[in-house]
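These notes concern the structure reproduced below.
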Amino acid sequence: MRILLIEDEAALSAGVKRGLEEEHFEVDAALDGREGLEMARSRRYSAIILDVMLPSMDGWTICQELREARDSTPILMLTARDAVDDRVRGLEMGADDYLPKPFDFTEMLARVRALVRRDKVHKERVIHIADLSIDTRARTVSRGGRPITLTEREYTLLEALAAHEGRVLSREAIQERVWLDEDSYSNTVDVHIGLLRKKIDQDQTVKLIHTVRGMGYTLRRESGDA
């Protein structure tokens with residue numbers, strides 16, 4: 001598996017690269033944001049480790065450009081320890097996880113492995129979450145073996161939530177990056193979430209679609225809203 005590391009602190013970059021290679025990853029490293037973006041565009045990676053503060057182009061912009069280009073490579077963002085806004089902004093732009101600096105290498109390694117493993121599962125033909133099944137080729141959905149009929153927009157929303165299982169998608173991200181529709185009203189997402197809940201969660205003991213107040217929506221196995 002090949003990892004792209006975009007980090008401008010030379011000593012940190014060298015240490016992380018060496019550690020990942022000792023764990024049998026192949027690692028390409030960039031010390032500059034624009035160079036890192038070009039490397040991300042030029043070949044396929046199993047994951048990208050992306051620092052927020054970089055020369056020539058920051059990590060948020062890199063993440064945003066990759067997601068707008070429909071690049072779904074898992075991204076682990078490196079942020080300052082107390083920068084909550086940085087973490088929220090990164091997740092809203094499409095990052096899959098974040099790790100505050102300074103960090104322990106073993107934790108970073110565990111997060112990278114989890115992202116790669118989850119991405120592999122979601123790239124299979126069928127996504128399984130609890131008793132929900134989504135066939136991404138046939139674009140069909142069932143829960144507990146019962147077929148569920150969805151509109152095109154409902155299906156696209158559900159697949160996006162499932163592909164980011166456990167992560168929050170903001171209303172803006174759904175409008176702009178899932179539906180490619182910046183002009184719809186903000187409550188359009190809320191309406192479709194409501195319709196989707198009726199089809200996916202109604203009469204189910206375990207609810208899968210959850211509201212994260214002030215942030216957006218997530219699909220996860222636990223019951224109860226945040």
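Ligands are numbered from 1 in the order shown, residues from 1 within each chain, and chains are lettered A, B, ... in the order they appear in the structure tokens.
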Which parts of stretch 12-163 of chain A does DSSP call helix (DSSP H, G or I) when run on the backbone here, written out as a PDB file with N, CA and C atoms, in the first residue's frame?
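Result file follows (out_18.pdb):
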```
ATOM      1  N   LEU A  12      10.097  15.768  10.998  1.00  0.00           N
ATOM      2  CA  LEU A  12       8.877  14.998  11.258  1.00  0.00           C
ATOM      3  C   LEU A  12       8.521  14.136  10.055  1.00  0.00           C
ATOM      4  N   SER A  13       8.615  14.726   8.861  1.00  0.00           N
ATOM      5  CA  SER A  13       8.315  13.986   7.643  1.00  0.00           C
ATOM      6  C   SER A  13       9.227  12.768   7.500  1.00  0.00           C
ATOM      7  N   ALA A  14      10.508  12.961   7.740  1.00  0.00           N
ATOM      8  CA  ALA A  14      11.464  11.859   7.610  1.00  0.00           C
ATOM      9  C   ALA A  14      11.179  10.757   8.623  1.00  0.00           C
ATOM     10  N   GLY A  15      10.823  11.163   9.866  1.00  0.00           N
ATOM     11  CA  GLY A  15      10.535  10.175  10.900  1.00  0.00           C
ATOM     12  C   GLY A  15       9.284   9.370  10.606  1.00  0.00           C
ATOM     13  N   VAL A  16       8.230  10.044  10.158  1.00  0.00           N
ATOM     14  CA  VAL A  16       6.982   9.346   9.828  1.00  0.00           C
ATOM     15  C   VAL A  16       7.190   8.434   8.626  1.00  0.00           C
ATOM     16  N   LYS A  17       7.890   8.923   7.621  1.00  0.00           N
ATOM     17  CA  LYS A  17       8.160   8.122   6.429  1.00  0.00           C
ATOM     18  C   LYS A  17       8.923   6.852   6.798  1.00  0.00           C
ATOM     19  N   ARG A  18       9.937   7.008   7.610  1.00  0.00           N
ATOM     20  CA  ARG A  18      10.736   5.851   8.023  1.00  0.00           C
ATOM     21  C   ARG A  18       9.883   4.850   8.814  1.00  0.00           C
ATOM     22  N   GLY A  19       9.064   5.358   9.729  1.00  0.00           N
ATOM     23  CA  GLY A  19       8.217   4.484  10.527  1.00  0.00           C
ATOM     24  C   GLY A  19       7.218   3.721   9.684  1.00  0.00           C
ATOM     25  N   LEU A  20       6.586   4.390   8.717  1.00  0.00           N
ATOM     26  CA  LEU A  20       5.615   3.723   7.839  1.00  0.00           C
ATOM     27  C   LEU A  20       6.291   2.677   6.967  1.00  0.00           C
ATOM     28  N   GLU A  21       7.481   2.994   6.481  1.00  0.00           N
ATOM     29  CA  GLU A  21       8.201   2.037   5.648  1.00  0.00           C
ATOM     30  C   GLU A  21       8.605   0.800   6.450  1.00  0.00           C
ATOM     31  N   GLU A  22       8.898   0.995   7.731  1.00  0.00           N
ATOM     32  CA  GLU A  22       9.206  -0.154   8.581  1.00  0.00           C
ATOM     33  C   GLU A  22       7.984  -1.036   8.790  1.00  0.00           C
ATOM     34  N   GLY A  33       2.859  22.239  -0.284  1.00  0.00           N
ATOM     35  CA  GLY A  33       1.468  21.946  -0.562  1.00  0.00           C
ATOM     36  C   GLY A  33       1.142  21.735  -2.025  1.00  0.00           C
ATOM     37  N   ARG A  34       1.618  22.618  -2.872  1.00  0.00           N
ATOM     38  CA  ARG A  34       1.301  22.501  -4.293  1.00  0.00           C
ATOM     39  C   ARG A  34       1.933  21.248  -4.893  1.00  0.00           C
ATOM     40  N   GLU A  35       3.144  20.946  -4.477  1.00  0.00           N
ATOM     41  CA  GLU A  35       3.799  19.718  -4.941  1.00  0.00           C
ATOM     42  C   GLU A  35       3.011  18.494  -4.481  1.00  0.00           C
ATOM     43  N   GLY A  36       2.523  18.529  -3.231  1.00  0.00           N
ATOM     44  CA  GLY A  36       1.743  17.414  -2.710  1.00  0.00           C
ATOM     45  C   GLY A  36       0.464  17.200  -3.485  1.00  0.00           C
ATOM     46  N   LEU A  37      -0.216  18.292  -3.859  1.00  0.00           N
ATOM     47  CA  LEU A  37      -1.451  18.175  -4.634  1.00  0.00           C
ATOM     48  C   LEU A  37      -1.170  17.539  -5.991  1.00  0.00           C
ATOM     49  N   GLU A  38      -0.104  17.956  -6.641  1.00  0.00           N
ATOM     50  CA  GLU A  38       0.241  17.373  -7.943  1.00  0.00           C
ATOM     51  C   GLU A  38       0.563  15.892  -7.809  1.00  0.00           C
ATOM     52  N   MET A  39       1.238  15.503  -6.738  1.00  0.00           N
ATOM     53  CA  MET A  39       1.541  14.088  -6.522  1.00  0.00           C
ATOM     54  C   MET A  39       0.248  13.304  -6.300  1.00  0.00           C
ATOM     55  N   ALA A  40      -0.690  13.885  -5.525  1.00  0.00           N
ATOM     56  CA  ALA A  40      -1.970  13.218  -5.268  1.00  0.00           C
ATOM     57  C   ALA A  40      -2.759  13.018  -6.552  1.00  0.00           C
ATOM     58  N   ARG A  41      -2.624  13.963  -7.467  1.00  0.00           N
ATOM     59  CA  ARG A  41      -3.354  13.872  -8.737  1.00  0.00           C
ATOM     60  C   ARG A  41      -2.694  12.914  -9.725  1.00  0.00           C
ATOM     61  N   SER A  42      -1.401  12.653  -9.530  1.00  0.00           N
ATOM     62  CA  SER A  42      -0.642  11.918 -10.542  1.00  0.00           C
ATOM     63  C   SER A  42      -0.672  10.401 -10.372  1.00  0.00           C
ATOM     64  N   GLY A  59      -3.444  22.787   3.709  1.00  0.00           N
ATOM     65  CA  GLY A  59      -4.075  21.468   3.661  1.00  0.00           C
ATOM     66  C   GLY A  59      -5.552  21.513   3.370  1.00  0.00           C
ATOM     67  N   TRP A  60      -6.253  22.547   3.855  1.00  0.00           N
ATOM     68  CA  TRP A  60      -7.683  22.657   3.576  1.00  0.00           C
ATOM     69  C   TRP A  60      -7.932  22.762   2.073  1.00  0.00           C
ATOM     70  N   THR A  61      -7.140  23.604   1.406  1.00  0.00           N
ATOM     71  CA  THR A  61      -7.325  23.789  -0.033  1.00  0.00           C
ATOM     72  C   THR A  61      -7.033  22.506  -0.791  1.00  0.00           C
ATOM     73  N   ILE A  62      -5.982  21.799  -0.385  1.00  0.00           N
ATOM     74  CA  ILE A  62      -5.651  20.526  -1.035  1.00  0.00           C
ATOM     75  C   ILE A  62      -6.801  19.544  -0.875  1.00  0.00           C
ATOM     76  N   CYS A  63      -7.304  19.414   0.338  1.00  0.00           N
ATOM     77  CA  CYS A  63      -8.415  18.495   0.601  1.00  0.00           C
ATOM     78  C   CYS A  63      -9.633  18.869  -0.234  1.00  0.00           C
ATOM     79  N   GLN A  64      -9.964  20.153  -0.257  1.00  0.00           N
ATOM     80  CA  GLN A  64     -11.125  20.612  -0.999  1.00  0.00           C
ATOM     81  C   GLN A  64     -10.979  20.329  -2.498  1.00  0.00           C
ATOM     82  N   GLU A  65      -9.805  20.597  -3.052  1.00  0.00           N
ATOM     83  CA  GLU A  65      -9.619  20.382  -4.487  1.00  0.00           C
ATOM     84  C   GLU A  65      -9.712  18.907  -4.846  1.00  0.00           C
ATOM     85  N   LEU A  66      -9.179  18.045  -3.996  1.00  0.00           N
ATOM     86  CA  LEU A  66      -9.270  16.607  -4.258  1.00  0.00           C
ATOM     87  C   LEU A  66     -10.711  16.129  -4.205  1.00  0.00           C
ATOM     88  N   ARG A  67     -11.452  16.588  -3.216  1.00  0.00           N
ATOM     89  CA  ARG A  67     -12.851  16.159  -3.102  1.00  0.00           C
ATOM     90  C   ARG A  67     -13.708  16.710  -4.235  1.00  0.00           C
ATOM     91  N   GLU A  68     -13.442  17.933  -4.655  1.00  0.00           N
ATOM     92  CA  GLU A  68     -14.196  18.494  -5.774  1.00  0.00           C
ATOM     93  C   GLU A  68     -13.903  17.741  -7.064  1.00  0.00           C
ATOM     94  N   VAL A  84      -9.622  23.530  17.459  1.00  0.00           N
ATOM     95  CA  VAL A  84     -10.887  22.843  17.188  1.00  0.00           C
ATOM     96  C   VAL A  84     -11.456  23.281  15.847  1.00  0.00           C
ATOM     97  N   ASP A  85     -11.374  24.580  15.558  1.00  0.00           N
ATOM     98  CA  ASP A  85     -11.906  25.090  14.301  1.00  0.00           C
ATOM     99  C   ASP A  85     -11.210  24.442  13.101  1.00  0.00           C
ATOM    100  N   ASP A  86      -9.898  24.196  13.232  1.00  0.00           N
ATOM    101  CA  ASP A  86      -9.160  23.545  12.148  1.00  0.00           C
ATOM    102  C   ASP A  86      -9.715  22.151  11.884  1.00  0.00           C
ATOM    103  N   ARG A  87     -10.004  21.429  12.960  1.00  0.00           N
ATOM    104  CA  ARG A  87     -10.484  20.059  12.806  1.00  0.00           C
ATOM    105  C   ARG A  87     -11.871  20.042  12.173  1.00  0.00           C
ATOM    106  N   VAL A  88     -12.735  20.926  12.648  1.00  0.00           N
ATOM    107  CA  VAL A  88     -14.097  21.002  12.098  1.00  0.00           C
ATOM    108  C   VAL A  88     -14.037  21.384  10.621  1.00  0.00           C
ATOM    109  N   ARG A  89     -13.227  22.374  10.309  1.00  0.00           N
ATOM    110  CA  ARG A  89     -13.109  22.830   8.914  1.00  0.00           C
ATOM    111  C   ARG A  89     -12.601  21.709   8.021  1.00  0.00           C
ATOM    112  N   GLY A  90     -11.590  20.964   8.493  1.00  0.00           N
ATOM    113  CA  GLY A  90     -11.057  19.859   7.706  1.00  0.00           C
ATOM    114  C   GLY A  90     -12.091  18.783   7.448  1.00  0.00           C
ATOM    115  N   LEU A  91     -12.859  18.407   8.468  1.00  0.00           N
ATOM    116  CA  LEU A  91     -13.887  17.381   8.299  1.00  0.00           C
ATOM    117  C   LEU A  91     -14.977  17.856   7.356  1.00  0.00           C
ATOM    118  N   GLU A  92     -15.346  19.132   7.454  1.00  0.00           N
ATOM    119  CA  GLU A  92     -16.381  19.663   6.563  1.00  0.00           C
ATOM    120  C   GLU A  92     -15.910  19.688   5.109  1.00  0.00           C
ATOM    121  N   PHE A 105       3.459   8.061  17.208  1.00  0.00           N
ATOM    122  CA  PHE A 105       3.462   7.373  15.920  1.00  0.00           C
ATOM    123  C   PHE A 105       2.526   6.170  15.910  1.00  0.00           C
ATOM    124  N   THR A 106       2.439   5.445  17.018  1.00  0.00           N
ATOM    125  CA  THR A 106       1.590   4.249  17.036  1.00  0.00           C
ATOM    126  C   THR A 106       0.120   4.614  16.843  1.00  0.00           C
ATOM    127  N   GLU A 107      -0.299   5.770  17.382  1.00  0.00           N
ATOM    128  CA  GLU A 107      -1.683   6.206  17.169  1.00  0.00           C
ATOM    129  C   GLU A 107      -1.901   6.583  15.705  1.00  0.00           C
ATOM    130  N   MET A 108      -0.941   7.300  15.131  1.00  0.00           N
ATOM    131  CA  MET A 108      -1.066   7.660  13.718  1.00  0.00           C
ATOM    132  C   MET A 108      -1.145   6.418  12.842  1.00  0.00           C
ATOM    133  N   LEU A 109      -0.314   5.424  13.141  1.00  0.00           N
ATOM    134  CA  LEU A 109      -0.313   4.187  12.374  1.00  0.00           C
ATOM    135  C   LEU A 109      -1.660   3.486  12.474  1.00  0.00           C
ATOM    136  N   ALA A 110      -2.239   3.440  13.675  1.00  0.00           N
ATOM    137  CA  ALA A 110      -3.541   2.801  13.862  1.00  0.00           C
ATOM    138  C   ALA A 110      -4.623   3.523  13.074  1.00  0.00           C
ATOM    139  N   ARG A 111      -4.567   4.850  13.043  1.00  0.00           N
ATOM    140  CA  ARG A 111      -5.565   5.624  12.301  1.00  0.00           C
ATOM    141  C   ARG A 111      -5.428   5.405  10.795  1.00  0.00           C
ATOM    142  N   VAL A 112      -4.206   5.369  10.311  1.00  0.00           N
ATOM    143  CA  VAL A 112      -3.977   5.121   8.883  1.00  0.00           C
ATOM    144  C   VAL A 112      -4.505   3.745   8.498  1.00  0.00           C
ATOM    145  N   ARG A 113      -4.182   2.744   9.287  1.00  0.00           N
ATOM    146  CA  ARG A 113      -4.651   1.388   8.990  1.00  0.00           C
ATOM    147  C   ARG A 113      -6.175   1.307   9.007  1.00  0.00           C
ATOM    148  N   ALA A 114      -6.808   1.999   9.959  1.00  0.00           N
ATOM    149  CA  ALA A 114      -8.274   1.991  10.028  1.00  0.00           C
ATOM    150  C   ALA A 114      -8.881   2.650   8.793  1.00  0.00           C
ATOM    151  N   LEU A 115      -8.299   3.760   8.344  1.00  0.00           N
ATOM    152  CA  LEU A 115      -8.809   4.436   7.155  1.00  0.00           C
ATOM    153  C   LEU A 115      -8.667   3.565   5.915  1.00  0.00           C
ATOM    154  N   VAL A 116      -7.521   2.928   5.761  1.00  0.00           N
ATOM    155  CA  VAL A 116      -7.284   2.068   4.598  1.00  0.00           C
ATOM    156  C   VAL A 116      -8.242   0.884   4.610  1.00  0.00           C
ATOM    157  N   ARG A 117      -8.427   0.287   5.790  1.00  0.00           N
ATOM    158  CA  ARG A 117      -9.318  -0.865   5.915  1.00  0.00           C
ATOM    159  C   ARG A 117     -10.759  -0.473   5.590  1.00  0.00           C
ATOM    160  N   ARG A 118     -11.213   0.667   6.138  1.00  0.00           N
ATOM    161  CA  ARG A 118     -12.580   1.113   5.891  1.00  0.00           C
ATOM    162  C   ARG A 118     -12.797   1.459   4.429  1.00  0.00           C
ATOM    163  N   ASP A 119     -11.806   2.097   3.814  1.00  0.00           N
ATOM    164  CA  ASP A 119     -11.921   2.455   2.399  1.00  0.00           C
ATOM    165  C   ASP A 119     -12.019   1.214   1.528  1.00  0.00           C
ATOM    166  N   LYS A 120     -11.260   0.181   1.859  1.00  0.00           N
ATOM    167  CA  LYS A 120     -11.307  -1.064   1.097  1.00  0.00           C
ATOM    168  C   LYS A 120     -12.682  -1.700   1.172  1.00  0.00           C
ATOM    169  N   VAL A 121     -13.268  -1.685   2.374  1.00  0.00           N
ATOM    170  CA  VAL A 121     -14.606  -2.262   2.546  1.00  0.00           C
ATOM    171  C   VAL A 121     -15.626  -1.515   1.707  1.00  0.00           C
ATOM    172  N   HIS A 122     -15.533  -0.172   1.724  1.00  0.00           N
ATOM    173  CA  HIS A 122     -16.532   0.630   1.031  1.00  0.00           C
ATOM    174  C   HIS A 122     -16.356   0.617  -0.487  1.00  0.00           C
ATOM    175  N   GLU A 152     -33.525   9.033  -6.790  1.00  0.00           N
ATOM    176  CA  GLU A 152     -32.120   9.212  -7.140  1.00  0.00           C
ATOM    177  C   GLU A 152     -31.392  10.044  -6.086  1.00  0.00           C
ATOM    178  N   ARG A 153     -32.013  11.118  -5.652  1.00  0.00           N
ATOM    179  CA  ARG A 153     -31.364  11.997  -4.685  1.00  0.00           C
ATOM    180  C   ARG A 153     -31.267  11.319  -3.314  1.00  0.00           C
ATOM    181  N   GLU A 154     -32.293  10.580  -2.935  1.00  0.00           N
ATOM    182  CA  GLU A 154     -32.234   9.846  -1.669  1.00  0.00           C
ATOM    183  C   GLU A 154     -31.125   8.802  -1.696  1.00  0.00           C
ATOM    184  N   TYR A 155     -30.995   8.095  -2.824  1.00  0.00           N
ATOM    185  CA  TYR A 155     -29.953   7.066  -2.913  1.00  0.00           C
ATOM    186  C   TYR A 155     -28.563   7.700  -2.831  1.00  0.00           C
ATOM    187  N   THR A 156     -28.355   8.784  -3.567  1.00  0.00           N
ATOM    188  CA  THR A 156     -27.050   9.445  -3.562  1.00  0.00           C
ATOM    189  C   THR A 156     -26.688   9.913  -2.159  1.00  0.00           C
ATOM    190  N   LEU A 157     -27.666  10.446  -1.440  1.00  0.00           N
ATOM    191  CA  LEU A 157     -27.447  10.898  -0.072  1.00  0.00           C
ATOM    192  C   LEU A 157     -27.092   9.720   0.833  1.00  0.00           C
ATOM    193  N   LEU A 158     -27.826   8.625   0.720  1.00  0.00           N
ATOM    194  CA  LEU A 158     -27.565   7.453   1.562  1.00  0.00           C
ATOM    195  C   LEU A 158     -26.189   6.864   1.284  1.00  0.00           C
ATOM    196  N   GLU A 159     -25.810   6.740   0.012  1.00  0.00           N
ATOM    197  CA  GLU A 159     -24.506   6.159  -0.323  1.00  0.00           C
ATOM    198  C   GLU A 159     -23.377   7.046   0.216  1.00  0.00           C
ATOM    199  N   ALA A 160     -23.549   8.371   0.131  1.00  0.00           N
ATOM    200  CA  ALA A 160     -22.524   9.278   0.653  1.00  0.00           C
ATOM    201  C   ALA A 160     -22.378   9.132   2.165  1.00  0.00           C
ATOM    202  N   LEU A 161     -23.493   9.043   2.866  1.00  0.00           N
ATOM    203  CA  LEU A 161     -23.443   8.852   4.316  1.00  0.00           C
ATOM    204  C   LEU A 161     -22.784   7.519   4.666  1.00  0.00           C
ATOM    205  N   ALA A 162     -23.118   6.473   3.919  1.00  0.00           N
ATOM    206  CA  ALA A 162     -22.558   5.145   4.186  1.00  0.00           C
ATOM    207  C   ALA A 162     -21.070   5.106   3.879  1.00  0.00           C
ATOM    208  N   ALA A 163     -20.649   5.776   2.818  1.00  0.00           N
ATOM    209  CA  ALA A 163     -19.232   5.792   2.450  1.00  0.00           C
ATOM    210  C   ALA A 163     -18.400   6.535   3.477  1.00  0.00           C
TER     211      ALA A 163
END
```
Could you pull the residues within 10 Å of A:Arg143, counting only C-alpha atoms, minus those fewer than 5 positions along the same chain, as a JSON list (two decimals) with C-alpha atoms, in the first residue's frame?
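Output (part17.json):
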```
[["chain", "number", "residue", "atom", "x", "y", "z"],
["A", 128, "HIS", "CA", -22.96, -3.48, 4.74],
["A", 129, "ILE", "CA", -23.73, -1.43, 7.84],
["A", 130, "ALA", "CA", -25.64, -3.36, 10.52],
["A", 131, "ASP", "CA", -28.50, -4.98, 8.55],
["A", 132, "LEU", "CA", -28.45, -2.27, 5.85],
["A", 133, "SER", "CA", -27.10, -3.36, 2.44],
["A", 134, "ILE", "CA", -26.26, -0.98, -0.41],
["A", 148, "ILE", "CA", -36.24, -0.23, -0.08],
["A", 199, "LYS", "CA", -37.61, 4.58, 4.63],
["A", 200, "ILE", "CA", -34.45, 3.40, 6.41],
["A", 201, "ASP", "CA", -35.18, 3.76, 10.14],
["A", 204, "GLN", "CA", -36.47, -0.15, 13.34]]
```
_DSSP on the backbone: which residues in chain A end up as strand (DSSP E or B)? Give the answer as a PyMOL selection string._
chain A and resi 2-6+26-30+47-51+75-80+97-101+126-129+132-135+140-143+146-148+169+209-212+216-219
*Can you tell me, as a PyMOL selection string, what residues are no more than 8 Å from A:Tyr217 when counting only C-alpha atoms, ignoring any on the same chain fewer than 4 positions away?*
chain A and resi 161+168-171+209-212
